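Novice: Just passing along the structure, written as structure tokens.
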Amino acid sequence: MQPFTYLTPGSAEEAVAAYAEAGEGAVFVAGGTNLYDLMKLGIARPSHLIDVTGIEGLDTISTEGEELRFGANAKMSAVAAHDHVAGQYPVLSESLWKAAAPQLRNMATVGANLLQRTRCLYFRNGAGSVSTVGVYPCNKRAPGSGCAAIGGLDRGQAVLGTSEACTAVSPGDWPVALTALDASVEVLGRDGARRIPITEFYRLPGSTPDVEFALAPGEIVTAVTVPRTEAGRRSTYHKLRDRASYAFALASAAVALEMEGETVRRARIALGGVATVPWRASGVEAALAGRRLSRDLALEAARGAFAEARPGRQNGFKIDLGAQTLADALMIAMDRA
Amino acid sequence: MPSAPFPEIARVDARDKVLGRTLYAADVPQTDPLHAMLVPAAITRGRLVSLDPGVAGRVPGVVRVLTSDDFPVPPEPDPDGPPPPPPTLTAQIAYFGQPVALVVAESLEAAIEGAEALAASATYEAEGFVAVLGADSPREEVEPRRVGDAEAALAAAATRIEDLYEIPVQHHNPIELIATSVRLSEGRLIIDEPQQGVDIARFGVAGALQMDPEAITVRSAYIGGAFGQKGFAQRQTAIVARAAILTGRPVKLVTPRGQLFHLTYHRPASRHQVRLGADAGGRLTGLAYDAVQENTPGGAFAAADYHEGAGRLYGIENYSGTAADVFVDRHAPGYMRGTHPYGACFAIESALDELAIASGRDPVEIRLANDTATDPLTGNPLSARHLNACLREGARRFGWERRTAETASMWAEDGSIIGMGVASGIFPAAVAAGEVTLRVSANGTTRLIASGHEMGQGIRTMLANTILQQLDVDPDGIEIVLGDTDASPQFMTAGQWGTTSIVSATADAAARLAAAYAELAGERTPAGNLNVRLARLRRPYLEVKGRQKGPGQDASALEEFRQRGFPLAGPEYPQFTSMSHIAHFAEVHVEPTTRRVRVARMVSIVDCGRVISPRTARSQVYGGVVWAIGHTLGEGSEIDPRFGGVLNDDLADYVVAVNADIGEIDVGFIDEPDPMISDVGAKGLGELTMVGASAAIANAIRHATGRRIRKLPIRVDDLL
Ligand SMILES: Cc1cc2nc3c(=O)[nH]c(=O)nc-3n(C[C@H](O)[C@H](O)[C@H](O)COP(=O)(O)OP(=O)(O)OC[C@H]3O[C@@H](n4cnc5c(N)ncnc54)[C@H](O)[C@@H]3O)c2cc1C
């Protein structure tokens, strides 16, 4: 542990200014469920914590206008339990319910959730902390040090979107649901506010796996917006994991369907647990459009999502599991009226 | 005379626990304590070349750094003497995460910061190492155990099954972490730590620091889960004690969970080769069983013990038991609930399921047909063996007759495939000689001082129930003093012998106290309970000692107890052998698409002799079954052979079962005393509860999917 200062700005503008003023080592913190963990692991070593949870009005949930709008500070549990969200957009609600544990969901915010870092075991172990005993190289944590997961214990690693430098999975569930629904992230920085489509928010690892988000230093996430869609009703977030609760996805699928009878007019699909970023499966969407949905078709189309998959030593099962999970998700969504 | 069944009473310490009043070792208040943090080694084998204590010393609040220079040179190991104490801080590195230094500071934060700075300053000379058990690692054979001619029997068998089963490295993850809290009091060391054997810890510290054991007290009043992890002397105890001596202040260490995966005892990885044969009538005729496990040279977890249970599961006359260690560069393995029979029964009970399928027999029937009244390994009688009663009662409660034998022949309403499996488990019934002191006072109190450790199994409740069964004393006035080296000699509470031993001694004490009262009262018959009657007779208290010797033990065993030795007997007694038994029935639901497995229900019926406390006994079985579900479907410590440390070293990534994983669990007891082991007739059940459960689940998965998975954990990867 190293000493840090602690600031509690009252507005987003103040937070942005505080960040700029603090200089080197400034970090925003919301629920702290990821950041404090990373600090204990020695991965994050901030000198200034800027706590955003005191910002006035940043936790509002609005479902009235053209789009759903979730203030960055809204708690995961609050959004999951919101009547309109749960009733009209089960994919969003379920992605939050199936994440983490009640205690974590009561602390964690839907804005910070977008920025949680990977659970790759080699990333988490090895920053010299005494609470985890490891010395593993990791390009994400220490650029240029190498990737121990490639050629190592890689059961949990990604099969899609990987690079020679990194195969770490993007861990969040909520970002996968948001990706299926074409959400955007609203941010505020020194140069003002901007809106980033979620599909552009996450960076593929390429040769710089340490650069994960399209967020400039000092930019604060203020809200997440989701365009209204009828497909929200026929949606689900289906998650496969090593136990029934309190585990990250081995494979997951966010699906929202617009149907005409038994025919798919339009499918929106994103995959989790299998890729280095929340993975929009546009190819599968195209393969389903205009077709009569059956489990056979669903599985055949789902397999297409993994045509380019690059398995390692132990994670090849994710190709089959991912396809089965997506096919099951499509069937669950179809049955919802 | 065997006792009558015991009534159910509430856990005597439940209320305090629920209110958070129970003090675990790290909670024991210390005046002005220092906080400590260990510095883990960053290599798996080799030598620490240099450390710069200065970098830690510069952290505000750091008071002292301890390195190998602060400890006496260990004595030359004496092959005839007691086992050497665990090493303290050494420059020689034998496993990843081994402590190389201790930082002591005014706050925990400063201790952590100092330890991290120190760790970063370390330089090492690394050597080659072997971190995990490999398929063809060199074997260190142990003495085989053979009866009859297994090879001939297998050659002649009508049905023969041969396969290899694997158990991964598994770590206990009780919520209470490894902790040691030490203070000095008038030249004595007072040590509080979660321990299943406080005298062992005491002798360990005395040996490591070359001190007089009489100057050391070790206490472990309550343990927040032990399961074998805390049975031996632990490495950090003497290190923290030394820090208290050097600083002259109380020192407290609570290790982070990540360290627990590196510097403690654990279940070693093991490989089990089973060859099992039966004749045309379904009678098992031969079993050749070879077990190989990870160990360290001189490690106390003996490979030979795999045969203690395996050789007695059924009446198999031809048994060939071989076993070996493979040395790995890790912390020594140790006991973990179910110990050797856990792996043995996963393998043999899976193989028996295969044999039932191959010979077209019902898995319950084939087990019933192979019962035995004789210990195949010794030829002596087996006392009070009720495995078949467990199987019959389990089959009845479970509804086994509804099972159809074909693979994937049963379907649930939600579209998942139902699989049903059965397996037996067995565990030795050992007993330790011991002595307790019981005092019933006129002021309303009843005080029992005993050897024993309360790790949540409910030993206080059992002892209270034993007293209440025989004496009319005020239940609220009962105080039970356990796990304190000042109060009584303390043998290790493990291997499920605690109840058998100390309950019997307590029953003896209660009988003697009743006799002493009868003598005191003579013709007088005052009213009230025993406490009140003593008051009426103007007698402040009556105190007696109660004793227990195992079958075949003589007075020297009690003397050994008093000398703080380890007078353990069984399961082979001079005239007979005693084992506990369990039958597990599992129903799994397997999703046909993703192959997700859910254990919908388990029925577990136990033959543990007399049940001393029905509520805590049931709770033991629930806990064992829950843990077995976690073991079967999730748990495994992942070690990258290139590095040697455990990667998934936290509760998020080491997959223990959560509530949502657990379906219905129905527990039953035969509750027939074993009249040969003791007057009370308890055989112990804590270890037993997990044994066989993983095979029952694996057998159910085989029934549902047709897939035989011969390693744990069984995950979707294996079933897709
Ligand atoms: C044991 C465990 C299990 C979990 N399981 C799951 C799971 O199954 N699925 C899942 O999706 N998640 C899971 N999580 C992750 C959890 O959802 C995240 O930790 C949580 O959403 C992060 O929110 P927070 O408010 O606590 O973030 P913090 O820890 O406060 O912050 C996270 C990051 O966001 C930054 N940040 C915070 N607020 C802002 C802002 N307004 N603008 C810019 N940057 C900001 C911080 O600087 C930090 O980098 C799990 C976590 C744990 C500890």
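Chain identifiers are assigned as A, B, and so on, following the order in which chains appear in the structure tokens; residues are numbered from 1 within each chain, and ligands are numbered from 1 in order of appearance.
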Give the residue list for ligand 1 at 8 Å, counting only C-alpha atoms and all ligand atoms, as JSON, numbers by chain, sorted by chain and then by residue number.

Specialist: {"A": [27, 28, 29, 30, 31, 32, 33, 34, 35, 36, 37, 51, 52, 72, 73, 75, 76, 95, 96, 98, 99, 100, 101, 104, 105, 107, 108, 109, 110, 111, 112, 113, 114, 115, 116, 117, 171, 172, 173, 174, 175, 187, 218, 219, 220, 221, 222, 245, 246, 247, 248, 249], "B": [651, 652]}

Novice: Using only C-alpha atoms, which residues sit within 12 Å of Ser11 (chain A) once same-chain residues fewer than 2 positions away are excluded, as number ranges by chain?

Specialist: A: 7-9, 13-18, 50-59, 73, 188, 220, 222

Novice: Can you pull out the residues contacting Ala148 (chain A)? Cut-off 8 Å, using only C-alpha atoms, and skip same-chain residues under 2 positions away; I want them as a PyMOL selection string.

Specialist: chain A and resi 122+136-138+146+150-152

Novice: Give me a file of those residues, with N, CA, C and O atoms, as a CSV table (one decimal), in the first residue's frame.

Specialist:
```csv
chain,number,residue,atom,x,y,z
A,122,TYR,N,-2.9,-14.5,-14.7
A,122,TYR,CA,-1.5,-14.1,-14.8
A,122,TYR,C,-1.5,-12.5,-14.7
A,122,TYR,O,-0.5,-12.0,-14.2
A,136,TYR,N,4.3,-13.3,-12.4
A,136,TYR,CA,4.1,-13.7,-13.8
A,136,TYR,C,4.2,-12.5,-14.8
A,136,TYR,O,3.7,-11.4,-14.5
A,137,PRO,N,4.9,-12.7,-15.9
A,137,PRO,CA,4.9,-11.7,-16.9
A,137,PRO,C,3.5,-11.4,-17.5
A,137,PRO,O,2.7,-12.3,-17.5
A,138,CYS,N,3.2,-10.2,-17.8
A,138,CYS,CA,1.9,-9.9,-18.4
A,138,CYS,C,2.0,-8.5,-19.2
A,138,CYS,O,2.4,-7.5,-18.6
A,146,GLY,N,5.8,-9.7,-21.7
A,146,GLY,CA,5.4,-11.0,-22.2
A,146,GLY,C,4.1,-11.5,-21.7
A,146,GLY,O,3.5,-10.8,-20.9
A,150,ILE,N,-0.3,-17.3,-22.7
A,150,ILE,CA,-0.1,-18.0,-24.0
A,150,ILE,C,0.9,-19.1,-23.7
A,150,ILE,O,2.0,-18.9,-23.3
A,151,GLY,N,0.5,-20.4,-23.9
A,151,GLY,CA,1.3,-21.5,-23.6
A,151,GLY,C,1.3,-21.9,-22.2
A,151,GLY,O,1.9,-22.8,-21.7
A,152,GLY,N,0.4,-21.2,-21.4
A,152,GLY,CA,0.3,-21.6,-20.0
A,152,GLY,C,-1.1,-22.2,-19.7
A,152,GLY,O,-1.7,-22.8,-20.5
```

Novice: What are the residues of chain A lining chain B at 10 Å or less? Count only C-alpha atoms, and put the answer as a count of residues only.

Specialist: 54

Novice: Nearest to Thr263 (chain A): which of A:Val224, A:Ala275, A:Ala305, A:Met334 is it, counting only C-alpha atoms?

Specialist: A:Met334

Novice: For Ala10 (chain B), which of B:Ser220, B:Thr461, B:Ser68, B:Ser678 is the closest residue, counting only C-alpha atoms?

Specialist: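 Of B:Ser220, B:Thr461, B:Ser68, B:Ser678, the one nearest Ala10 (chain B), counting only C-alpha atoms, is B:Thr461.
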
Novice: With only C-alpha atoms as the counted atoms, please give the residues lying no more than 12 Å from Ala307 (chain A), apart from itself and same-chain residues fewer than 5 positions off, as a list in words.

Specialist: Val159, Leu160, Gly161, Ala281, Gly283, Val284, Glu300, Ala301, Ala302, Ile319, Asp320, Gly322 and Ala323 of chain A

Novice: Could you tell me, as a PDB file with N, CA and C atoms, in the first residue's frame, which residues of region 192-365 of chain B DSSP assigns to alpha helix (DSSP H) when given the backbone?

Specialist:
```pdb
ATOM      1  N   VAL B 198      -2.829 -28.032  19.870  1.00  0.00           N
ATOM      2  CA  VAL B 198      -2.055 -26.940  20.480  1.00  0.00           C
ATOM      3  C   VAL B 198      -0.750 -27.446  21.089  1.00  0.00           C
ATOM      4  N   ASP B 199      -0.729 -28.677  21.577  1.00  0.00           N
ATOM      5  CA  ASP B 199       0.538 -29.170  22.115  1.00  0.00           C
ATOM      6  C   ASP B 199       1.570 -29.372  21.006  1.00  0.00           C
ATOM      7  N   ILE B 200       1.095 -29.773  19.838  1.00  0.00           N
ATOM      8  CA  ILE B 200       2.013 -29.945  18.707  1.00  0.00           C
ATOM      9  C   ILE B 200       2.620 -28.594  18.339  1.00  0.00           C
ATOM     10  N   ALA B 201       1.788 -27.564  18.324  1.00  0.00           N
ATOM     11  CA  ALA B 201       2.283 -26.217  18.027  1.00  0.00           C
ATOM     12  C   ALA B 201       3.287 -25.798  19.095  1.00  0.00           C
ATOM     13  N   ARG B 202       2.976 -26.128  20.334  1.00  0.00           N
ATOM     14  CA  ARG B 202       3.841 -25.738  21.444  1.00  0.00           C
ATOM     15  C   ARG B 202       5.218 -26.398  21.311  1.00  0.00           C
ATOM     16  N   PHE B 203       5.229 -27.696  21.034  1.00  0.00           N
ATOM     17  CA  PHE B 203       6.516 -28.375  20.871  1.00  0.00           C
ATOM     18  C   PHE B 203       7.235 -27.889  19.616  1.00  0.00           C
ATOM     19  N   GLY B 204       6.466 -27.518  18.599  1.00  0.00           N
ATOM     20  CA  GLY B 204       7.076 -26.984  17.380  1.00  0.00           C
ATOM     21  C   GLY B 204       7.821 -25.687  17.662  1.00  0.00           C
ATOM     22  N   VAL B 205       7.174 -24.799  18.402  1.00  0.00           N
ATOM     23  CA  VAL B 205       7.804 -23.516  18.729  1.00  0.00           C
ATOM     24  C   VAL B 205       9.019 -23.751  19.631  1.00  0.00           C
ATOM     25  N   ALA B 206       8.849 -24.626  20.614  1.00  0.00           N
ATOM     26  CA  ALA B 206       9.952 -24.907  21.538  1.00  0.00           C
ATOM     27  C   ALA B 206      11.153 -25.443  20.755  1.00  0.00           C
ATOM     28  N   GLY B 207      10.893 -26.351  19.823  1.00  0.00           N
ATOM     29  CA  GLY B 207      11.973 -26.938  19.034  1.00  0.00           C
ATOM     30  C   GLY B 207      12.637 -25.895  18.143  1.00  0.00           C
ATOM     31  N   ALA B 208      11.817 -25.114  17.471  1.00  0.00           N
ATOM     32  CA  ALA B 208      12.367 -24.155  16.503  1.00  0.00           C
ATOM     33  C   ALA B 208      13.150 -23.050  17.201  1.00  0.00           C
ATOM     34  N   LEU B 209      12.674 -22.620  18.358  1.00  0.00           N
ATOM     35  CA  LEU B 209      13.340 -21.507  19.050  1.00  0.00           C
ATOM     36  C   LEU B 209      14.262 -22.005  20.159  1.00  0.00           C
ATOM     37  N   ARG B 235       4.300 -23.269  10.117  1.00  0.00           N
ATOM     38  CA  ARG B 235       5.596 -22.618   9.990  1.00  0.00           C
ATOM     39  C   ARG B 235       5.637 -21.232  10.633  1.00  0.00           C
ATOM     40  N   GLN B 236       4.521 -20.489  10.513  1.00  0.00           N
ATOM     41  CA  GLN B 236       4.595 -19.092  10.938  1.00  0.00           C
ATOM     42  C   GLN B 236       4.603 -18.927  12.456  1.00  0.00           C
ATOM     43  N   THR B 237       4.212 -19.965  13.197  1.00  0.00           N
ATOM     44  CA  THR B 237       4.023 -19.788  14.644  1.00  0.00           C
ATOM     45  C   THR B 237       5.320 -19.349  15.336  1.00  0.00           C
ATOM     46  N   ALA B 238       6.393 -20.094  15.103  1.00  0.00           N
ATOM     47  CA  ALA B 238       7.655 -19.756  15.766  1.00  0.00           C
ATOM     48  C   ALA B 238       8.200 -18.436  15.242  1.00  0.00           C
ATOM     49  N   ILE B 239       7.910 -18.128  13.988  1.00  0.00           N
ATOM     50  CA  ILE B 239       8.412 -16.867  13.406  1.00  0.00           C
ATOM     51  C   ILE B 239       7.765 -15.686  14.134  1.00  0.00           C
ATOM     52  N   VAL B 240       6.461 -15.772  14.345  1.00  0.00           N
ATOM     53  CA  VAL B 240       5.756 -14.676  15.023  1.00  0.00           C
ATOM     54  C   VAL B 240       6.163 -14.632  16.499  1.00  0.00           C
ATOM     55  N   ALA B 241       6.349 -15.829  17.090  1.00  0.00           N
ATOM     56  CA  ALA B 241       6.777 -15.873  18.498  1.00  0.00           C
ATOM     57  C   ALA B 241       8.131 -15.182  18.653  1.00  0.00           C
ATOM     58  N   ARG B 242       9.023 -15.442  17.709  1.00  0.00           N
ATOM     59  CA  ARG B 242      10.349 -14.816  17.755  1.00  0.00           C
ATOM     60  C   ARG B 242      10.218 -13.290  17.649  1.00  0.00           C
ATOM     61  N   ALA B 243       9.313 -12.839  16.818  1.00  0.00           N
ATOM     62  CA  ALA B 243       9.107 -11.388  16.671  1.00  0.00           C
ATOM     63  C   ALA B 243       8.638 -10.783  17.988  1.00  0.00           C
ATOM     64  N   ALA B 244       7.766 -11.500  18.701  1.00  0.00           N
ATOM     65  CA  ALA B 244       7.283 -10.983  19.991  1.00  0.00           C
ATOM     66  C   ALA B 244       8.433 -10.922  20.991  1.00  0.00           C
ATOM     67  N   ILE B 245       9.289 -11.935  20.953  1.00  0.00           N
ATOM     68  CA  ILE B 245      10.432 -11.947  21.881  1.00  0.00           C
ATOM     69  C   ILE B 245      11.372 -10.782  21.560  1.00  0.00           C
ATOM     70  N   LEU B 246      11.644 -10.582  20.270  1.00  0.00           N
ATOM     71  CA  LEU B 246      12.626  -9.555  19.887  1.00  0.00           C
ATOM     72  C   LEU B 246      12.103  -8.143  20.106  1.00  0.00           C
ATOM     73  N   THR B 247      10.790  -7.959  19.953  1.00  0.00           N
ATOM     74  CA  THR B 247      10.251  -6.601  20.108  1.00  0.00           C
ATOM     75  C   THR B 247       9.724  -6.370  21.516  1.00  0.00           C
ATOM     76  N   ARG B 257      -5.207 -14.357   2.015  1.00  0.00           N
ATOM     77  CA  ARG B 257      -5.650 -15.644   1.468  1.00  0.00           C
ATOM     78  C   ARG B 257      -4.708 -16.165   0.394  1.00  0.00           C
ATOM     79  N   GLY B 258      -4.136 -15.282  -0.384  1.00  0.00           N
ATOM     80  CA  GLY B 258      -3.210 -15.734  -1.431  1.00  0.00           C
ATOM     81  C   GLY B 258      -2.036 -16.508  -0.855  1.00  0.00           C
ATOM     82  N   GLN B 259      -1.581 -16.111   0.321  1.00  0.00           N
ATOM     83  CA  GLN B 259      -0.463 -16.833   0.951  1.00  0.00           C
ATOM     84  C   GLN B 259      -0.912 -18.202   1.436  1.00  0.00           C
ATOM     85  N   LEU B 260      -2.168 -18.273   1.883  1.00  0.00           N
ATOM     86  CA  LEU B 260      -2.691 -19.548   2.380  1.00  0.00           C
ATOM     87  C   LEU B 260      -2.549 -20.658   1.334  1.00  0.00           C
ATOM     88  N   TYR B 306      -3.508 -44.944   1.928  1.00  0.00           N
ATOM     89  CA  TYR B 306      -4.592 -45.112   0.949  1.00  0.00           C
ATOM     90  C   TYR B 306      -5.248 -46.482   1.091  1.00  0.00           C
ATOM     91  N   HIS B 307      -4.528 -47.436   1.656  1.00  0.00           N
ATOM     92  CA  HIS B 307      -5.064 -48.795   1.700  1.00  0.00           C
ATOM     93  C   HIS B 307      -5.895 -49.093   2.940  1.00  0.00           C
ATOM     94  N   GLU B 308      -5.832 -48.188   3.924  1.00  0.00           N
ATOM     95  CA  GLU B 308      -6.583 -48.412   5.167  1.00  0.00           C
ATOM     96  C   GLU B 308      -8.075 -48.551   4.922  1.00  0.00           C
ATOM     97  N   GLY B 309      -8.612 -47.675   4.074  1.00  0.00           N
ATOM     98  CA  GLY B 309     -10.038 -47.749   3.780  1.00  0.00           C
ATOM     99  C   GLY B 309     -10.312 -48.630   2.579  1.00  0.00           C
ATOM    100  N   ALA B 310      -9.481 -48.454   1.542  1.00  0.00           N
ATOM    101  CA  ALA B 310      -9.723 -49.153   0.280  1.00  0.00           C
ATOM    102  C   ALA B 310      -9.799 -50.659   0.471  1.00  0.00           C
ATOM    103  N   THR B 339      -9.347 -37.234   3.810  1.00  0.00           N
ATOM    104  CA  THR B 339      -7.934 -37.637   3.652  1.00  0.00           C
ATOM    105  C   THR B 339      -7.766 -38.709   2.567  1.00  0.00           C
ATOM    106  N   HIS B 340      -7.069 -39.789   2.890  1.00  0.00           N
ATOM    107  CA  HIS B 340      -6.769 -40.800   1.858  1.00  0.00           C
ATOM    108  C   HIS B 340      -8.017 -41.481   1.302  1.00  0.00           C
ATOM    109  N   PRO B 341      -8.962 -41.871   2.159  1.00  0.00           N
ATOM    110  CA  PRO B 341     -10.133 -42.557   1.591  1.00  0.00           C
ATOM    111  C   PRO B 341     -10.907 -41.699   0.583  1.00  0.00           C
ATOM    112  N   TYR B 342     -10.747 -40.366   0.659  1.00  0.00           N
ATOM    113  CA  TYR B 342     -11.470 -39.525  -0.301  1.00  0.00           C
ATOM    114  C   TYR B 342     -11.056 -39.874  -1.733  1.00  0.00           C
ATOM    115  N   GLY B 343      -9.755 -39.871  -1.996  1.00  0.00           N
ATOM    116  CA  GLY B 343      -9.276 -40.195  -3.345  1.00  0.00           C
ATOM    117  C   GLY B 343      -9.498 -41.660  -3.680  1.00  0.00           C
ATOM    118  N   ALA B 344      -9.226 -42.524  -2.685  1.00  0.00           N
ATOM    119  CA  ALA B 344      -9.368 -43.968  -2.920  1.00  0.00           C
ATOM    120  C   ALA B 344     -10.807 -44.304  -3.311  1.00  0.00           C
ATOM    121  N   CYS B 345     -11.760 -43.724  -2.598  1.00  0.00           N
ATOM    122  CA  CYS B 345     -13.158 -44.072  -2.875  1.00  0.00           C
ATOM    123  C   CYS B 345     -13.658 -43.415  -4.158  1.00  0.00           C
ATOM    124  N   PHE B 346     -13.124 -42.248  -4.511  1.00  0.00           N
ATOM    125  CA  PHE B 346     -13.513 -41.695  -5.811  1.00  0.00           C
ATOM    126  C   PHE B 346     -13.136 -42.702  -6.896  1.00  0.00           C
ATOM    127  N   ALA B 347     -11.925 -43.251  -6.792  1.00  0.00           N
ATOM    128  CA  ALA B 347     -11.435 -44.164  -7.820  1.00  0.00           C
ATOM    129  C   ALA B 347     -12.175 -45.504  -7.774  1.00  0.00           C
ATOM    130  N   ILE B 348     -12.191 -46.134  -6.619  1.00  0.00           N
ATOM    131  CA  ILE B 348     -12.716 -47.500  -6.534  1.00  0.00           C
ATOM    132  C   ILE B 348     -14.236 -47.524  -6.723  1.00  0.00           C
ATOM    133  N   GLU B 349     -14.910 -46.538  -6.170  1.00  0.00           N
ATOM    134  CA  GLU B 349     -16.365 -46.510  -6.310  1.00  0.00           C
ATOM    135  C   GLU B 349     -16.806 -46.123  -7.727  1.00  0.00           C
ATOM    136  N   SER B 350     -15.962 -45.395  -8.447  1.00  0.00           N
ATOM    137  CA  SER B 350     -16.234 -45.147  -9.870  1.00  0.00           C
ATOM    138  C   SER B 350     -16.011 -46.436 -10.654  1.00  0.00           C
ATOM    139  N   ALA B 351     -14.901 -47.123 -10.327  1.00  0.00           N
ATOM    140  CA  ALA B 351     -14.583 -48.369 -11.025  1.00  0.00           C
ATOM    141  C   ALA B 351     -15.673 -49.421 -10.781  1.00  0.00           C
ATOM    142  N   LEU B 352     -16.184 -49.441  -9.559  1.00  0.00           N
ATOM    143  CA  LEU B 352     -17.234 -50.416  -9.250  1.00  0.00           C
ATOM    144  C   LEU B 352     -18.506 -50.114 -10.054  1.00  0.00           C
ATOM    145  N   ASP B 353     -18.773 -48.835 -10.270  1.00  0.00           N
ATOM    146  CA  ASP B 353     -19.903 -48.456 -11.111  1.00  0.00           C
ATOM    147  C   ASP B 353     -19.689 -48.972 -12.532  1.00  0.00           C
ATOM    148  N   GLU B 354     -18.455 -48.826 -13.021  1.00  0.00           N
ATOM    149  CA  GLU B 354     -18.107 -49.357 -14.344  1.00  0.00           C
ATOM    150  C   GLU B 354     -18.346 -50.860 -14.399  1.00  0.00           C
ATOM    151  N   LEU B 355     -17.907 -51.511 -13.303  1.00  0.00           N
ATOM    152  CA  LEU B 355     -18.045 -52.966 -13.274  1.00  0.00           C
ATOM    153  C   LEU B 355     -19.524 -53.375 -13.250  1.00  0.00           C
ATOM    154  N   ALA B 356     -20.329 -52.621 -12.520  1.00  0.00           N
ATOM    155  CA  ALA B 356     -21.768 -52.913 -12.488  1.00  0.00           C
ATOM    156  C   ALA B 356     -22.352 -52.781 -13.892  1.00  0.00           C
ATOM    157  N   ILE B 357     -21.958 -51.707 -14.586  1.00  0.00           N
ATOM    158  CA  ILE B 357     -22.468 -51.491 -15.939  1.00  0.00           C
ATOM    159  C   ILE B 357     -21.991 -52.621 -16.859  1.00  0.00           C
ATOM    160  N   ALA B 358     -20.697 -52.934 -16.764  1.00  0.00           N
ATOM    161  CA  ALA B 358     -20.131 -53.952 -17.656  1.00  0.00           C
ATOM    162  C   ALA B 358     -20.755 -55.323 -17.426  1.00  0.00           C
ATOM    163  N   PRO B 363     -26.116 -51.041  -9.490  1.00  0.00           N
ATOM    164  CA  PRO B 363     -25.024 -50.537  -8.646  1.00  0.00           C
ATOM    165  C   PRO B 363     -25.268 -50.699  -7.140  1.00  0.00           C
ATOM    166  N   VAL B 364     -26.511 -50.652  -6.698  1.00  0.00           N
ATOM    167  CA  VAL B 364     -26.761 -50.868  -5.264  1.00  0.00           C
ATOM    168  C   VAL B 364     -26.637 -52.354  -4.948  1.00  0.00           C
ATOM    169  N   GLU B 365     -27.231 -53.176  -5.815  1.00  0.00           N
ATOM    170  CA  GLU B 365     -27.211 -54.627  -5.579  1.00  0.00           C
ATOM    171  C   GLU B 365     -25.786 -55.160  -5.493  1.00  0.00           C
TER     172      GLU B 365
END
```

Novice: Got a sec: who's within 8 Å of Arg280 (chain A), counting only C-alpha atoms, leaving out chain neighbours fewer than 6 positions off, as a ChimeraX atom specification?

Specialist: /A:179-180,199,269-271

Novice: Which residue out of A:Ala165, A:Leu38, A:Leu49, A:Leu215 has the minimum interatomic distance to Thr5 (chain A) when only C-alpha atoms are used?

Specialist: A:Leu49

Novice: Looking at only C-alpha atoms, which of A:Ala254, A:Thr276, A:Ala80, A:Glu186 is the one that sits closest to Asn106 (chain A)?

Specialist: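 The shortest atom-to-atom distance to Asn106 (chain A) comes from A:Ala80.
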
Novice: Rounded to one decimal place, report the CA of Phe327 (chain B)-CA of Glu294 (chain B) distance in Å.

Specialist: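 These two atoms are separated by 5.8 Å.
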
Novice: Would you kindly return, as a list in words, each protein, DNA or RNA residue with an atom no farther than 7 Å from any atom of region 228-236 of chain A, considering only C-alpha atoms and excluding same-chain residues fewer than 3 positions away?

Specialist: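 What passes the distance filter is Glu66, Glu67, Leu68, Gln88, Tyr89, Pro90, Val91, Glu94, Ala254, Val255, Ala256, Leu257, Glu258, Ala329, Ile332, Ala333, Met334, Arg336 and Ala337 of chain A.
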
Novice: As a ChimeraX atom specification, please: all residues of region 360-472 of chain B that backbone DSSP puts in strand (DSSP E or B).

Specialist: /B:374,381-382,410-411,417-428,431-432,434-441,446-449

Novice: Could you jot down the CA of Arg283 (chain B) to CA of Ala693 (chain B) separation for me, Å, one decimal place?

Specialist: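 One can read the CA of Arg283 (chain B) to CA of Ala693 (chain B) distance as 23.3 Å.
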
Novice: Do a neighbour search on Leu513 (chain B) at 9 Å with only C-alpha atoms, toss out local chain neighbours closer than 6 positions, and write the hits as a PyMOL selection string.

Specialist: chain B and resi 438-440+471+542-546

Novice: CA of Val611 (chain B) to CA of Ile459 (chain B): how many Å, to one decimal?

Specialist: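 The value is 12.3 Å.
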